[in-house]
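Source file: data_9.txt; contents: compact mmCIF, C-alpha atoms.
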```txt
# COMPACT_ATOMS: atom_id res chain seq x y z
CA MET C 1 -2.50 -6.17 6.22
CA PRO C 2 -0.62 -6.36 2.92
CA ASP C 3 -0.15 -2.62 3.10
CA GLY C 4 1.68 -2.98 6.38
CA PHE C 5 4.20 -5.28 4.74
CA GLU C 6 4.58 -3.02 1.74
CA ILE C 7 5.06 0.12 3.83
CA VAL C 8 7.79 -1.56 5.87
CA VAL C 9 9.43 -2.85 2.67
CA THR C 10 9.40 0.60 1.13
CA SER C 11 11.15 2.04 4.15
CA THR C 12 13.66 -0.85 4.21
CA LEU C 13 14.67 -0.65 0.54
CA LYS C 14 17.16 2.16 1.12
CA ALA C 15 18.90 0.09 3.82
CA THR C 16 19.75 -2.64 1.29
CA ALA C 17 22.29 -0.26 -0.29
CA GLU C 18 21.62 -1.63 -3.78
CA ILE C 19 21.58 -5.24 -2.57
CA THR C 20 25.07 -5.03 -1.02
CA ARG C 21 23.73 -5.66 2.49
CA PRO C 22 22.44 -9.25 2.44
CA LEU C 23 20.50 -9.16 5.71
CA PHE C 24 18.35 -6.22 4.62
CA SER C 25 17.98 -7.67 1.12
CA VAL C 26 16.62 -10.94 2.51
CA ALA C 27 14.29 -8.99 4.81
CA VAL C 28 12.92 -7.07 1.81
CA VAL C 29 12.27 -10.26 -0.16
CA LEU C 30 10.54 -11.94 2.79
CA ARG C 31 8.34 -8.91 3.40
CA TYR C 32 7.32 -8.79 -0.26
CA VAL C 33 6.42 -12.48 -0.05
CA GLY C 34 4.32 -11.68 3.03
CA ALA C 35 2.61 -8.78 1.26
CA PHE C 36 1.66 -10.86 -1.76
CA TYR C 37 0.49 -13.73 0.43
CA CYS C 38 -1.83 -11.35 2.28
CA LEU C 39 -3.04 -9.95 -1.03
CA SER C 40 -3.80 -13.47 -2.26
CA VAL C 41 -5.86 -14.12 0.88
CA ALA C 42 -7.74 -10.85 0.34
CA LEU C 43 -8.49 -11.91 -3.23
CA CYS C 44 -10.45 -14.87 -1.90
CA VAL C 45 -13.17 -12.50 -0.67
CA SER C 46 -12.99 -9.50 -3.02
CA PRO C 47 -12.47 -8.90 -6.74
CA MET C 48 -8.94 -8.28 -8.02
CA GLY C 49 -9.59 -4.68 -9.12
CA ILE C 50 -10.99 -3.60 -5.77
CA ALA C 51 -8.33 -5.36 -3.69
CA TYR C 52 -5.47 -3.99 -5.78
CA ALA C 53 -6.93 -0.46 -5.87
CA ILE C 54 -7.22 -0.37 -2.08
CA TRP C 55 -3.75 -1.88 -1.62
CA SER C 56 -2.14 0.58 -4.03
CA GLY C 57 -4.07 3.58 -2.73
CA ILE C 58 -3.14 3.02 0.90
CA GLY C 59 0.51 2.42 -0.01
CA ILE C 60 0.69 5.57 -2.12
CA VAL C 61 -0.96 7.81 0.48
CA VAL C 62 1.09 6.52 3.42
CA ASN C 63 4.37 6.77 1.55
CA TRP C 64 3.44 10.17 0.13
CA LYS C 65 2.79 11.42 3.66
CA GLY C 66 6.36 10.56 4.58
CA VAL C 67 6.23 7.28 6.48
CA GLY C 68 9.56 5.58 6.00
CA TRP C 69 11.26 8.52 4.28
CA SER C 70 14.32 9.95 5.89
```
Just give me the structure of the file as structure tokens.
Amino acid sequence: MPDGFEIVVTSTLKATAEITRPLFSVAVVLRYVGAFYCLSVALCVSPMGIAYAIWSGIGIVVNWKGVGWS
């Protein structure tokens, strides 16, 4: 679940136009808050290293494959 938030945030970052578009900037911040909340919930049941490795790995692979890139 945190990966879903992070993937959407990664694809939304370009739309912020270097924080000059407030609506998109607020959306990015809220999605990052959601991603870290989900990560904190995942940390209740798994060790930090494993949870972060999975989170990072999925985010890297999905973004590398082109999701969210225009």
Which of C:Val9, C:Ala53, C:Val62, C:Ala17 sits closest to Gly34 (chain C) [using only C-alpha atoms]: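 With only C-alpha atoms as the atom set, the closest residue is C:Val9.
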Separation of CA of Ile7 (chain C) from CA of Gly59 (chain C), in Å and rounded to one decimal: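 Result for CA of Ile7 (chain C) versus CA of Gly59 (chain C): 6.4 Å, one decimal.
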CA of Trp55 (chain C) to CA of Thr20 (chain C): how many Å, to one decimal? 29.0 Å
Which value, in Å to one decimal, gives the distance between CA of Cys44 (chain C) and CA of Leu30 (chain C)?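 Computing the Euclidean distance for CA of Cys44 (chain C) and CA of Leu30 (chain C) yields 21.7 Å.
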For Leu43 (chain C), find every residue with an atom within 12 Å (counting only C-alpha atoms), except residues of its own chain fewer than 4 positions away, and show them as a ChimeraX atom specification. /C:2,36-39,47-55
Identify which of the residues C:Ser46, C:Thr16, C:Val61, C:Val41 lies closest to Val29 (chain C), counting only C-alpha atoms when measuring atom-to-atom distances.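 Among the listed residues, C:Thr16 lies closest to Val29 (chain C).
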Do a neighbour search on Trp64 (chain C) at 12 Å with all atoms listed in the file, toss out local chain neighbours closer than 5 positions, and write the hits as a list of chain:residue names.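 What passes the distance filter is C:Ile7, C:Thr10, C:Ser11, C:Ser56, C:Gly57, C:Ile58, C:Gly59, C:Trp69.
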If I wrap all listed atoms of region 25-29 of chain C in a box with edges along x, y and z and add 4 Å on each side, what are its centre and edge lengths in Å to one decimal, as AutoDock Vina command-line options?
```
--center_x 15.1 --center_y -9.0 --center_z 2.3 --size_x 13.7 --size_y 11.9 --size_z 13.0
```
Please rebuild region 41-65 of chain C with N, CA, C and O atoms and return the result as a compact mmCIF listing (two decimals), in the frame of the given file.
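Everything below was put into result08.txt:
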```txt
# COMPACT_ATOMS: atom_id res chain seq x y z
N VAL C 41 -4.77 -13.79 -0.05
CA VAL C 41 -5.86 -14.12 0.88
C VAL C 41 -7.01 -13.14 0.71
O VAL C 41 -8.19 -13.54 0.69
N ALA C 42 -6.69 -11.85 0.54
CA ALA C 42 -7.74 -10.85 0.34
C ALA C 42 -8.50 -11.11 -0.95
O ALA C 42 -9.70 -10.82 -1.05
N LEU C 43 -7.83 -11.65 -1.95
CA LEU C 43 -8.49 -11.91 -3.23
C LEU C 43 -9.51 -13.05 -3.15
O LEU C 43 -10.33 -13.19 -4.04
N CYS C 44 -9.46 -13.81 -2.08
CA CYS C 44 -10.45 -14.87 -1.90
C CYS C 44 -11.84 -14.30 -1.59
O CYS C 44 -12.84 -14.97 -1.82
N VAL C 45 -11.88 -13.08 -1.07
CA VAL C 45 -13.17 -12.50 -0.67
C VAL C 45 -13.55 -11.24 -1.44
O VAL C 45 -14.66 -10.74 -1.27
N SER C 46 -12.65 -10.71 -2.25
CA SER C 46 -12.99 -9.50 -3.02
C SER C 46 -12.40 -9.59 -4.42
O SER C 46 -11.42 -10.30 -4.64
N PRO C 47 -12.98 -8.88 -5.37
CA PRO C 47 -12.47 -8.90 -6.74
C PRO C 47 -11.07 -8.29 -6.83
O PRO C 47 -10.69 -7.44 -6.03
N MET C 48 -10.33 -8.72 -7.83
CA MET C 48 -8.94 -8.28 -8.02
C MET C 48 -8.83 -6.76 -8.13
O MET C 48 -7.97 -6.15 -7.49
N GLY C 49 -9.68 -6.13 -8.92
CA GLY C 49 -9.59 -4.68 -9.12
C GLY C 49 -9.77 -3.90 -7.84
O GLY C 49 -9.03 -2.95 -7.57
N ILE C 50 -10.73 -4.31 -7.03
CA ILE C 50 -10.99 -3.60 -5.77
C ILE C 50 -9.85 -3.82 -4.79
O ILE C 50 -9.36 -2.87 -4.17
N ALA C 51 -9.41 -5.06 -4.63
CA ALA C 51 -8.33 -5.36 -3.69
C ALA C 51 -7.05 -4.62 -4.07
O ALA C 51 -6.38 -4.02 -3.22
N TYR C 52 -6.70 -4.64 -5.35
CA TYR C 52 -5.47 -3.99 -5.78
C TYR C 52 -5.57 -2.47 -5.68
O TYR C 52 -4.61 -1.79 -5.31
N ALA C 53 -6.74 -1.91 -5.98
CA ALA C 53 -6.93 -0.46 -5.87
C ALA C 53 -6.77 0.01 -4.42
O ALA C 53 -6.11 1.02 -4.16
N ILE C 54 -7.35 -0.73 -3.50
CA ILE C 54 -7.22 -0.37 -2.08
C ILE C 54 -5.78 -0.51 -1.63
O ILE C 54 -5.23 0.37 -0.97
N TRP C 55 -5.14 -1.62 -2.00
CA TRP C 55 -3.75 -1.88 -1.62
C TRP C 55 -2.83 -0.78 -2.15
O TRP C 55 -2.03 -0.21 -1.43
N SER C 56 -2.98 -0.45 -3.42
CA SER C 56 -2.14 0.58 -4.03
C SER C 56 -2.43 1.95 -3.43
O SER C 56 -1.50 2.72 -3.14
N GLY C 57 -3.70 2.27 -3.26
CA GLY C 57 -4.07 3.58 -2.73
C GLY C 57 -3.52 3.83 -1.34
O GLY C 57 -2.97 4.90 -1.06
N ILE C 58 -3.66 2.85 -0.46
CA ILE C 58 -3.14 3.02 0.90
C ILE C 58 -1.62 3.17 0.87
O ILE C 58 -1.05 4.02 1.55
N GLY C 59 -0.95 2.34 0.08
CA GLY C 59 0.51 2.42 -0.01
C GLY C 59 0.98 3.76 -0.53
O GLY C 59 1.94 4.35 -0.02
N ILE C 60 0.31 4.28 -1.54
CA ILE C 60 0.69 5.57 -2.12
C ILE C 60 0.49 6.70 -1.10
O ILE C 60 1.38 7.53 -0.89
N VAL C 61 -0.66 6.73 -0.46
CA VAL C 61 -0.96 7.81 0.48
C VAL C 61 -0.01 7.77 1.67
O VAL C 61 0.54 8.81 2.07
N VAL C 62 0.22 6.60 2.23
CA VAL C 62 1.09 6.52 3.42
C VAL C 62 2.52 6.90 3.05
O VAL C 62 3.17 7.65 3.79
N ASN C 63 3.01 6.41 1.93
CA ASN C 63 4.37 6.77 1.55
C ASN C 63 4.49 8.23 1.12
O ASN C 63 5.50 8.88 1.35
N TRP C 64 3.45 8.77 0.51
CA TRP C 64 3.44 10.17 0.13
C TRP C 64 3.48 11.07 1.37
O TRP C 64 4.10 12.12 1.37
N LYS C 65 2.82 10.64 2.42
CA LYS C 65 2.79 11.42 3.66
C LYS C 65 4.12 11.38 4.41
O LYS C 65 4.30 12.09 5.37
```
